[in-house]
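Source file query-v3.json; content: JSON, C-alpha atoms and all ligand atoms.
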```json
[["chain", "number", "residue", "atom", "x", "y", "z"],
["A", 64, "MET", "CA", 31.20, -57.14, -30.98],
["A", 65, "LYS", "CA", 34.19, -54.90, -30.07],
["A", 66, "SER", "CA", 35.60, -53.26, -33.17],
["A", 67, "ILE", "CA", 37.61, -50.30, -34.39],
["A", 68, "LEU", "CA", 34.16, -49.02, -35.44],
["A", 69, "THR", "CA", 32.70, -48.99, -31.93],
["A", 70, "ASP", "CA", 31.31, -45.49, -31.18],
["A", 71, "LYS", "CA", 32.40, -44.26, -34.61],
["A", 72, "TRP", "CA", 29.93, -42.17, -36.67],
["A", 73, "VAL", "CA", 28.78, -43.87, -39.88],
["A", 74, "LEU", "CA", 26.59, -42.16, -42.49],
["A", 75, "ILE", "CA", 24.81, -44.40, -45.00],
["A", 76, "THR", "CA", 22.88, -43.06, -47.99],
["A", 77, "GLY", "CA", 20.18, -45.27, -49.48],
["A", 78, "ALA", "CA", 19.72, -47.01, -46.14],
["A", 79, "SER", "CA", 16.04, -47.81, -46.67],
["A", 80, "SER", "CA", 16.68, -51.12, -48.45],
["A", 81, "GLY", "CA", 19.22, -53.52, -49.94],
["A", 82, "PHE", "CA", 22.93, -53.01, -49.25],
["A", 83, "GLY", "CA", 22.38, -49.82, -47.26],
["A", 84, "ALA", "CA", 19.92, -51.34, -44.80],
["A", 85, "ALA", "CA", 22.03, -54.51, -44.41],
["A", 86, "ALA", "CA", 25.18, -52.44, -43.87],
["A", 87, "ALA", "CA", 23.42, -50.43, -41.14],
["A", 88, "ILE", "CA", 22.80, -53.65, -39.22],
["A", 89, "GLU", "CA", 26.41, -54.86, -39.69],
["A", 90, "PHE", "CA", 27.76, -51.52, -38.44],
["A", 91, "ALA", "CA", 25.27, -51.58, -35.54],
["A", 92, "ARG", "CA", 26.59, -55.00, -34.46],
["A", 93, "ARG", "CA", 30.02, -53.39, -34.08],
["A", 94, "GLY", "CA", 28.62, -50.62, -31.87],
["A", 95, "ALA", "CA", 28.83, -47.86, -34.46],
["A", 96, "ARG", "CA", 26.63, -44.75, -34.31],
["A", 97, "LEU", "CA", 24.44, -44.43, -37.39],
["A", 98, "LEU", "CA", 23.20, -41.56, -39.51],
["A", 99, "LEU", "CA", 20.74, -43.00, -42.01],
["A", 100, "GLY", "CA", 19.41, -41.28, -45.13],
["A", 101, "ALA", "CA", 16.93, -42.07, -47.93],
["A", 102, "ARG", "CA", 13.57, -40.83, -49.19],
["A", 103, "ARG", "CA", 11.43, -43.53, -47.52],
["A", 104, "VAL", "CA", 11.74, -42.33, -43.94],
["A", 105, "ASP", "CA", 9.18, -44.81, -42.59],
["A", 106, "ARG", "CA", 11.64, -47.57, -43.46],
["A", 107, "LEU", "CA", 14.51, -45.64, -41.90],
["A", 108, "ALA", "CA", 12.55, -45.34, -38.66],
["A", 109, "ALA", "CA", 12.07, -49.11, -38.50],
["A", 110, "LEU", "CA", 15.72, -49.71, -39.41],
["A", 111, "ALA", "CA", 16.98, -47.29, -36.74],
["A", 112, "GLU", "CA", 14.95, -49.16, -34.14],
["A", 113, "GLN", "CA", 16.34, -52.51, -35.31],
["A", 114, "ALA", "CA", 19.89, -51.09, -35.36],
["A", 115, "SER", "CA", 19.54, -49.98, -31.74],
["A", 116, "LYS", "CA", 18.49, -53.50, -30.79],
["A", 117, "GLU", "CA", 21.53, -54.88, -32.66],
["A", 118, "GLY", "CA", 23.93, -52.75, -30.61],
["A", 119, "SER", "CA", 24.14, -49.25, -32.09],
["A", 120, "PRO", "CA", 24.36, -46.73, -29.19],
["A", 121, "GLN", "CA", 22.75, -44.09, -31.42],
["A", 122, "ALA", "CA", 20.88, -44.65, -34.69],
["A", 123, "VAL", "CA", 19.15, -41.62, -36.17],
["A", 124, "PHE", "CA", 17.68, -40.82, -39.56],
["A", 125, "HIS", "CA", 16.54, -37.95, -41.75],
["A", 126, "PHE", "CA", 14.98, -37.54, -45.20],
["A", 127, "LEU", "CA", 17.61, -37.43, -47.96],
["A", 128, "ASP", "CA", 17.28, -37.07, -51.72],
["A", 129, "VAL", "CA", 20.78, -37.27, -53.18],
["A", 130, "ALA", "CA", 19.40, -36.02, -56.51],
["A", 131, "SER", "CA", 18.88, -32.57, -54.98],
["A", 132, "THR", "CA", 21.65, -30.24, -53.81],
["A", 133, "PRO", "CA", 19.36, -28.42, -51.31],
["A", 134, "SER", "CA", 18.30, -31.78, -49.84],
["A", 135, "VAL", "CA", 21.90, -32.98, -49.49],
["A", 136, "ASN", "CA", 22.97, -29.70, -47.88],
["A", 137, "GLU", "CA", 20.00, -29.72, -45.53],
["A", 138, "TYR", "CA", 20.76, -33.36, -44.62],
["A", 139, "VAL", "CA", 24.39, -32.57, -43.79],
["A", 140, "GLU", "CA", 23.30, -29.56, -41.72],
["A", 141, "TRP", "CA", 21.12, -31.98, -39.76],
["A", 142, "VAL", "CA", 24.15, -34.30, -39.38],
["A", 143, "ARG", "CA", 26.13, -31.35, -38.02],
["A", 144, "SER", "CA", 23.41, -30.74, -35.43],
["A", 145, "VAL", "CA", 23.80, -34.36, -34.26],
["A", 146, "THR", "CA", 27.60, -34.73, -34.37],
["A", 147, "PRO", "CA", 30.61, -32.58, -35.22],
["A", 148, "ARG", "CA", 32.42, -35.69, -36.43],
["A", 149, "LEU", "CA", 31.98, -38.21, -39.24],
["A", 150, "ASP", "CA", 34.18, -41.29, -39.57],
["A", 151, "VAL", "CA", 32.60, -43.37, -42.35],
["A", 152, "LEU", "CA", 30.59, -42.10, -45.31],
["A", 153, "VAL", "CA", 28.93, -44.84, -47.38],
["A", 154, "ASN", "CA", 27.66, -43.42, -50.67],
["A", 155, "ASN", "CA", 25.30, -46.22, -51.55],
["A", 156, "ALA", "CA", 22.13, -44.48, -52.81],
["A", 157, "GLY", "CA", 21.57, -45.15, -56.49],
["A", 158, "GLY", "CA", 20.45, -47.76, -58.95],
["A", 159, "ALA", "CA", 19.43, -48.38, -62.53],
["A", 160, "LEU", "CA", 16.29, -47.43, -64.46],
["A", 161, "GLY", "CA", 15.27, -49.33, -67.57],
["A", 162, "LEU", "CA", 17.24, -51.63, -69.86],
["A", 163, "ASP", "CA", 16.55, -49.81, -73.12],
["A", 164, "PRO", "CA", 19.05, -49.58, -75.93],
["A", 165, "VAL", "CA", 20.29, -46.02, -76.44],
["A", 166, "ALA", "CA", 18.00, -45.60, -79.48],
["A", 167, "GLU", "CA", 14.98, -46.00, -77.19],
["A", 168, "GLY", "CA", 16.38, -44.42, -74.02],
["A", 169, "LYS", "CA", 14.27, -42.07, -71.91],
["A", 170, "ASP", "CA", 15.62, -38.72, -70.75],
["A", 171, "SER", "CA", 13.99, -39.13, -67.34],
["A", 172, "ASP", "CA", 15.73, -42.51, -66.76],
["A", 173, "TRP", "CA", 19.11, -41.19, -67.88],
["A", 174, "GLU", "CA", 18.78, -38.06, -65.79],
["A", 175, "THR", "CA", 17.77, -39.96, -62.65],
["A", 176, "MET", "CA", 20.68, -42.41, -63.01],
["A", 177, "PHE", "CA", 23.20, -39.58, -63.32],
["A", 178, "GLN", "CA", 21.57, -37.51, -60.59],
["A", 179, "THR", "CA", 21.81, -40.34, -58.06],
["A", 180, "ASN", "CA", 24.84, -42.48, -58.97],
["A", 181, "VAL", "CA", 27.14, -39.65, -60.07],
["A", 182, "LEU", "CA", 26.02, -36.23, -58.85],
["A", 183, "GLY", "CA", 24.67, -37.69, -55.61],
["A", 184, "VAL", "CA", 28.15, -38.95, -54.68],
["A", 185, "LEU", "CA", 29.79, -35.62, -55.57],
["A", 186, "ARG", "CA", 27.20, -33.65, -53.59],
["A", 187, "MET", "CA", 27.49, -35.85, -50.50],
["A", 188, "VAL", "CA", 31.28, -35.71, -50.44],
["A", 189, "ARG", "CA", 31.35, -31.94, -50.96],
["A", 190, "ALA", "CA", 28.88, -31.38, -48.15],
["A", 191, "ALA", "CA", 30.25, -33.90, -45.64],
["A", 192, "LEU", "CA", 34.02, -33.63, -46.13],
["A", 193, "SER", "CA", 34.56, -30.87, -43.55],
["A", 194, "LEU", "CA", 33.11, -33.22, -40.91],
["A", 195, "MET", "CA", 35.69, -35.88, -41.82],
["A", 196, "LEU", "CA", 38.91, -33.97, -42.50],
["A", 197, "PRO", "CA", 39.72, -33.25, -38.81],
["A", 198, "TYR", "CA", 39.59, -37.01, -38.08],
["A", 199, "PRO", "CA", 42.28, -38.92, -40.00],
["A", 200, "GLY", "CA", 41.51, -42.63, -40.30],
["A", 201, "GLY", "CA", 38.03, -42.05, -41.67],
["A", 202, "ILE", "CA", 36.86, -43.53, -44.92],
["A", 203, "ILE", "CA", 34.57, -42.74, -47.83],
["A", 204, "ILE", "CA", 33.13, -45.91, -49.37],
["A", 205, "ASN", "CA", 31.35, -45.50, -52.69],
["A", 206, "ILE", "CA", 29.16, -48.28, -54.03],
["A", 207, "GLY", "CA", 29.92, -48.81, -57.70],
["A", 208, "SER", "CA", 29.14, -51.82, -59.84],
["A", 209, "VAL", "CA", 30.71, -54.27, -62.26],
["A", 210, "ALA", "CA", 28.62, -52.23, -64.74],
["A", 211, "GLY", "CA", 31.11, -49.40, -64.27],
["A", 212, "ARG", "CA", 33.88, -51.68, -65.51],
["A", 213, "THR", "CA", 32.16, -53.63, -68.32],
["A", 214, "ALA", "CA", 29.46, -52.35, -70.67],
["A", 215, "TYR", "CA", 26.39, -54.36, -71.60],
["A", 216, "GLU", "CA", 23.54, -53.80, -74.07],
["A", 217, "GLY", "CA", 20.74, -51.76, -72.56],
["A", 218, "GLY", "CA", 23.07, -50.55, -69.83],
["A", 219, "ALA", "CA", 24.71, -47.57, -71.56],
["A", 220, "ALA", "CA", 23.54, -44.92, -69.10],
["A", 221, "TYR", "CA", 23.88, -47.05, -65.97],
["A", 222, "CYS", "CA", 27.33, -48.34, -67.03],
["A", 223, "ALA", "CA", 28.39, -44.76, -67.79],
["A", 224, "ALA", "CA", 27.06, -43.57, -64.43],
["A", 225, "LYS", "CA", 28.91, -46.28, -62.49],
["A", 226, "ALA", "CA", 32.06, -45.68, -64.56],
["A", 227, "GLY", "CA", 31.63, -42.07, -63.41],
["A", 228, "GLU", "CA", 31.43, -43.23, -59.80],
["A", 229, "LEU", "CA", 34.65, -45.23, -60.29],
["A", 230, "GLN", "CA", 36.52, -42.21, -61.64],
["A", 231, "ILE", "CA", 35.15, -39.97, -58.86],
["A", 232, "THR", "CA", 36.51, -42.50, -56.35],
["A", 233, "ARG", "CA", 39.91, -42.51, -58.04],
["A", 234, "ALA", "CA", 40.07, -38.71, -58.23],
["A", 235, "LEU", "CA", 39.08, -38.38, -54.56],
["A", 236, "ARG", "CA", 41.72, -40.93, -53.55],
["A", 237, "LEU", "CA", 44.32, -38.67, -55.17],
["A", 238, "GLU", "CA", 42.83, -35.43, -53.82],
["A", 239, "LEU", "CA", 42.70, -36.75, -50.24],
["A", 240, "CYS", "CA", 46.13, -38.42, -50.22],
["A", 241, "GLY", "CA", 47.98, -36.90, -47.26],
["A", 242, "THR", "CA", 44.86, -36.11, -45.23],
["A", 243, "GLY", "CA", 44.69, -39.56, -43.60],
["A", 244, "LEU", "CA", 41.25, -40.11, -45.11],
["A", 245, "ARG", "CA", 40.73, -43.23, -47.18],
["A", 246, "VAL", "CA", 38.57, -43.64, -50.27],
["A", 247, "ALA", "CA", 37.27, -46.95, -51.59],
["A", 248, "THR", "CA", 34.88, -48.30, -54.16],
["A", 249, "ILE", "CA", 33.06, -51.59, -53.72],
["A", 250, "ASP", "CA", 31.74, -52.85, -57.03],
["A", 251, "PRO", "CA", 29.25, -55.72, -56.77],
["A", 252, "GLY", "CA", 27.87, -57.93, -59.49],
["A", 253, "MET", "CA", 24.39, -59.42, -59.47],
["A", 254, "ALA", "CA", 22.77, -59.12, -56.02],
["A", 255, "GLU", "CA", 19.17, -59.76, -55.08],
["A", 256, "THR", "CA", 17.79, -56.56, -53.53],
["A", 257, "GLU", "CA", 15.10, -54.17, -54.76],
["A", 258, "PHE", "CA", 17.54, -53.16, -57.51],
["A", 259, "SER", "CA", 15.81, -55.06, -60.37],
["A", 260, "LEU", "CA", 12.31, -54.20, -59.12],
["A", 261, "VAL", "CA", 13.30, -50.52, -59.32],
["A", 262, "ARG", "CA", 15.06, -50.99, -62.67],
["A", 263, "PHE", "CA", 11.93, -52.61, -64.17],
["A", 264, "LYS", "CA", 9.63, -50.07, -62.50],
["A", 265, "GLY", "CA", 7.73, -52.48, -60.27],
["A", 266, "ASP", "CA", 7.53, -55.41, -62.75],
["A", 267, "ALA", "CA", 8.18, -58.19, -60.19],
["A", 268, "LYS", "CA", 8.11, -61.00, -62.79],
["A", 269, "ARG", "CA", 10.79, -59.38, -64.93],
["A", 270, "ALA", "CA", 12.84, -58.58, -61.85],
["A", 271, "ALA", "CA", 12.68, -62.21, -60.65],
["A", 272, "GLN", "CA", 13.91, -63.46, -64.06],
["A", 273, "VAL", "CA", 17.24, -61.71, -63.50],
["A", 274, "TYR", "CA", 18.05, -64.17, -60.70],
["A", 275, "GLU", "CA", 16.42, -67.30, -62.19],
["A", 276, "GLY", "CA", 18.55, -70.42, -61.67],
["A", 277, "VAL", "CA", 21.34, -68.38, -60.09],
["A", 278, "GLN", "CA", 22.46, -68.00, -56.51],
["A", 279, "PRO", "CA", 23.07, -64.25, -56.47],
["A", 280, "LEU", "CA", 24.82, -62.20, -53.81],
["A", 281, "ARG", "CA", 22.63, -61.27, -50.85],
["A", 282, "ALA", "CA", 22.53, -57.75, -49.43],
["A", 283, "GLU", "CA", 24.29, -59.15, -46.35],
["A", 284, "ASP", "CA", 27.25, -60.36, -48.44],
["A", 285, "VAL", "CA", 27.89, -56.85, -49.71],
["A", 286, "ALA", "CA", 27.22, -55.35, -46.27],
["A", 287, "GLU", "CA", 29.92, -57.58, -44.77],
["A", 288, "ALA", "CA", 32.35, -56.40, -47.46],
["A", 289, "ILE", "CA", 31.51, -52.74, -46.73],
["A", 290, "VAL", "CA", 32.13, -53.21, -43.02],
["A", 291, "TRP", "CA", 35.33, -55.20, -43.60],
["A", 292, "VAL", "CA", 36.74, -52.40, -45.75],
["A", 293, "ALA", "CA", 35.78, -49.80, -43.10],
["A", 294, "GLU", "CA", 37.29, -51.94, -40.33],
["A", 295, "ARG", "CA", 40.82, -52.13, -41.76],
["A", 296, "PRO", "CA", 43.40, -50.25, -39.68],
["A", 297, "PRO", "CA", 43.84, -46.56, -40.63],
["A", 298, "HIS", "CA", 47.04, -47.20, -42.64],
["A", 299, "VAL", "CA", 45.28, -49.72, -44.92],
["A", 300, "CYS", "CA", 43.07, -48.56, -47.79],
["A", 301, "ILE", "CA", 41.24, -51.10, -49.94],
["A", 302, "ASP", "CA", 41.05, -48.86, -53.02],
["A", 303, "GLU", "CA", 38.82, -51.04, -55.18],
["A", 304, "MET", "CA", 36.92, -54.24, -54.51],
["A", 305, "VAL", "CA", 34.96, -56.28, -57.05],
["A", 306, "ILE", "CA", 32.57, -58.80, -55.52],
["A", 307, "LYS", "CA", 30.46, -61.22, -57.54],
["A", 308, "CYS", "CA", 28.49, -64.36, -56.78],
["A", 309, "THR", "CA", 30.23, -67.60, -57.73],
["A", 310, "ASP", "CA", 27.71, -68.17, -60.54],
["A", 311, "GLN", "CA", 28.73, -64.91, -62.22],
["A", 312, "ALA", "CA", 32.24, -65.07, -63.65],
["A", 313, "ALA", "CA", 31.70, -61.98, -65.81],
["A", 314, "VAL", "CA", 28.80, -59.69, -66.69],
["A", 315, "TYR", "CA", 27.78, -62.12, -69.46],
["A", 316, "LYS", "CA", 29.12, -65.38, -68.04],
["A", 317, "VAL", "CA", 26.38, -66.45, -65.64],
["A", 318, "HIS", "CA", 25.80, -70.08, -64.75],
["A", 319, "ARG", "CA", 22.05, -70.82, -64.54],
["A", 320, "ARG", "CA", 20.65, -74.10, -63.25],
["A", 321, "THR", "CA", 17.72, -75.41, -65.22],
["A", 322, "LYS", "CA", 14.68, -76.67, -63.32],
["A", 323, "GLY", "CA", 13.87, -80.37, -62.89],
["A", 401, "LIG", "N1", 21.72, -55.13, -56.53],
["A", 401, "LIG", "C1", 22.64, -55.17, -57.47],
["A", 401, "LIG", "O1", 22.67, -56.10, -58.29],
["A", 401, "LIG", "C2", 23.70, -54.10, -57.53],
["A", 401, "LIG", "C3", 24.91, -54.42, -58.14],
["A", 401, "LIG", "C4", 25.91, -53.46, -58.20],
["A", 401, "LIG", "C5", 25.71, -52.21, -57.65],
["A", 401, "LIG", "N2", 24.52, -51.91, -57.06],
["A", 401, "LIG", "C6", 24.39, -50.56, -56.49],
["A", 401, "LIG", "O2", 24.24, -50.70, -55.08],
["A", 401, "LIG", "C7", 23.57, -49.57, -54.55],
["A", 401, "LIG", "C8", 22.44, -50.04, -53.65],
["A", 401, "LIG", "O3", 21.51, -50.77, -54.43],
["A", 401, "LIG", "P1", 20.68, -52.01, -53.89],
["A", 401, "LIG", "O4", 21.04, -53.18, -54.72],
["A", 401, "LIG", "O5", 20.77, -52.11, -52.43],
["A", 401, "LIG", "O6", 19.21, -51.57, -54.39],
["A", 401, "LIG", "P2", 17.92, -51.10, -53.60],
["A", 401, "LIG", "O7", 17.47, -52.16, -52.67],
["A", 401, "LIG", "O8", 16.97, -50.63, -54.66],
["A", 401, "LIG", "O9", 18.42, -49.84, -52.74],
["A", 401, "LIG", "C9", 18.66, -48.58, -53.32],
["A", 401, "LIG", "C10", 18.69, -47.54, -52.22],
["A", 401, "LIG", "O10", 19.02, -46.27, -52.80],
["A", 401, "LIG", "C11", 18.11, -45.31, -52.31],
["A", 401, "LIG", "N3", 17.92, -44.22, -53.24],
["A", 401, "LIG", "C12", 17.60, -44.27, -54.54],
["A", 401, "LIG", "N4", 17.48, -43.03, -55.05],
["A", 401, "LIG", "C13", 17.74, -42.18, -54.03],
["A", 401, "LIG", "C14", 17.77, -40.76, -53.90],
["A", 401, "LIG", "N5", 17.49, -39.98, -54.94],
["A", 401, "LIG", "N6", 18.08, -40.22, -52.70],
["A", 401, "LIG", "C15", 18.35, -41.01, -51.64],
["A", 401, "LIG", "N7", 18.32, -42.36, -51.69],
["A", 401, "LIG", "C16", 18.03, -42.92, -52.87],
["A", 401, "LIG", "C17", 16.81, -46.06, -52.06],
["A", 401, "LIG", "O11", 16.04, -45.40, -51.05],
["A", 401, "LIG", "P3", 14.72, -44.54, -51.27],
["A", 401, "LIG", "O12", 14.03, -45.07, -52.50],
["A", 401, "LIG", "O13", 13.95, -44.76, -50.00],
["A", 401, "LIG", "O14", 15.19, -43.13, -51.42],
["A", 401, "LIG", "C18", 17.34, -47.39, -51.52],
["A", 401, "LIG", "O15", 17.56, -47.30, -50.13],
["A", 401, "LIG", "C19", 23.13, -48.74, -55.74],
["A", 401, "LIG", "O16", 24.04, -47.69, -55.92],
["A", 401, "LIG", "C20", 23.20, -49.72, -56.90],
["A", 401, "LIG", "O17", 23.41, -49.08, -58.13],
["A", 401, "LIG", "C21", 23.51, -52.82, -56.97]]
```
Take the structure in the file and give it back as structure tokens.
Ligand SMILES: NC(=O)c1ccc[n+]([C@@H]2O[C@H](COP(=O)([O-])OP(=O)(O)OC[C@H]3O[C@@H](n4cnc5c(N)ncnc54)[C@H](OP(=O)(O)O)[C@@H]3O)[C@@H](O)[C@H]2O)c1
Amino acid sequence: MKSILTDKWVLITGASSGFGAAAAIEFARRGARLLLGARRVDRLAALAEQASKEGSPQAVFHFLDVASTPSVNEYVEWVRSVTPRLDVLVNNAGGALGLDPVAEGKDSDWETMFQTNVLGVLRMVRAALSLMLPYPGGIIINIGSVAGRTAYEGGAAYCAAKAGELQITRALRLELCGTGLRVATIDPGMAETEFSLVRFKGDAKRAAQVYEGVQPLRAEDVAEAIVWVAERPPHVCIDEMVIKCTDQAAVYKVHRRTKG
């Protein structure tokens, strides 16, 4: 599929599952070159192979832990050894841990959520920006959440982290105005990925309950939105996009079908 993205360099963090993996395939179909990052490199290897079959002329991967500054810097050094140019940076790595009220919150959960969703985005942008600035028309797409816009019980740290992501996006949009680089946030609602399995630490039954009786977003729905935002002409910046499944009108207003 011929596209403005054909032969462009696209970096996706958190590409080993969910939105990141689905976005890699959507970009590949448009002939984009892919730089994939996550901690589970075995999955990245399989994804890179699939992306090549889907039309990416070059799909490469490397270990990335966005929670670590040395890892991010080492990753971007590797990127530099592959290409001097970056056109699209998708800061997608992140997620939630636990659904505890603040009174019962765990330091390790809070710290991980801030390390990935907030500091991970800052680290990636700081490290990768010099590869983007010489090429006006590029775009940074951060994956936020409706949780960054509306609080819910048990979500204090995750909501705060995604609100942080939203404000980072807004600050970057201002800082980069005049460079020709665009900055966007895509903020999904409920989507069925590994998100809930990770949040509930492998409890598959509890994770499945989140989507019971609902038709949630699929990873592909969000991936299509990511690619659409990246594919706009260089003078068009979709600053902020909220995308929810039809059954979810608001964080708390979810239509669930009962069985039988
Ligand atoms: N699904 C939803 O309902 C939903 C809604 C709104 C927003 N979001 C956001 O969308 C993004 C993607 O989530 P998803 O739904 O696709 O969930 P997912 O399937 O669990 O994917 C999360 C991805 O992030 C990566 N990741 C996590 N920690 C990382 C780290 N320290 N370093 C590098 N990569 C890391 C994971 O890879 P490794 O474990 O291999 O490192 C994985 O590829 C997240 O930012 C999430 O907060 C999700």
Might you pull out every residue within 9 Å of segment 258-272 of chain A, with only C-alpha atoms counted and same-chain residues fewer than 5 positions away left off, and present them as JSON, numbers by chain? {"A": [81, 158, 159, 160, 161, 162]}
In the coordinate frame of the file, compute which residues have an atom within 12 Å of (25.3, -27.8, -44.3) when using only C-alpha atoms, and state them as a ChimeraX atom specification. /A:132-144,147,186-194
Using all atoms listed in the file, find each protein or nucleic acid residue lying at most 6 Å from ligand LIG 401 (chain A); present the set as a PyMOL selection string. chain A and resi 76-83+101-103+127-130+155-159+179+206-208+250-258+261
If you count only C-alpha atoms, which residues fall within 7 Å of Leu244 of chain A, apart from same-chain ones fewer than 5 positions away, as a PyMOL selection string? chain A and resi 199-202+239
Give me, please, the distance in Å between atom CA of Asp310 of chain A and atom CA of Tyr215 of chain A, quoted to one decimal.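 Going from atom CA of Asp310 of chain A over to atom CA of Tyr215 of chain A covers 17.7 Å.
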Best match for closeness to Ser131 of chain A among A:Val184, A:Val151, A:Val246, A:Leu98, counting all atoms listed in the file: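 Among the listed residues, A:Val184 lies closest to Ser131 of chain A.
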I'd like to know which of A:Ala109, A:Ala86, A:Ala223, A:Leu74 is closest to Asn154 of chain A, using only C-alpha atoms.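 Comparing A:Ala109, A:Ala86, A:Ala223, A:Leu74 against Asn154 of chain A, the winner is A:Leu74.
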Contacts of Gly211 of chain A at 9 Å or less, counting all atoms listed in the file, minus same-chain residues fewer than 5 places along, as a list in words? Tyr221, Cys222, Ala223, Ala224, Lys225, Ala226, Gly227, Glu228, Leu229 and Asp250 of chain A
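In this model, the gap between atom CA of Asp302 of chain A and atom CA of Thr232 of chain A comes to 8.5 Å.
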Within 8 Å of Met64 of chain A, counting only C-alpha atoms, which residues qualify if same-chain residues fewer than 6 places away don't, as a VMD selection string? chain A and resid 92 to 94
Do you have the atom CA of Leu99 of chain A-atom CA of Gln230 of chain A distance handy?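 Spanning atom CA of Leu99 of chain A to atom CA of Gln230 of chain A is a straight-line distance of 25.2 Å.
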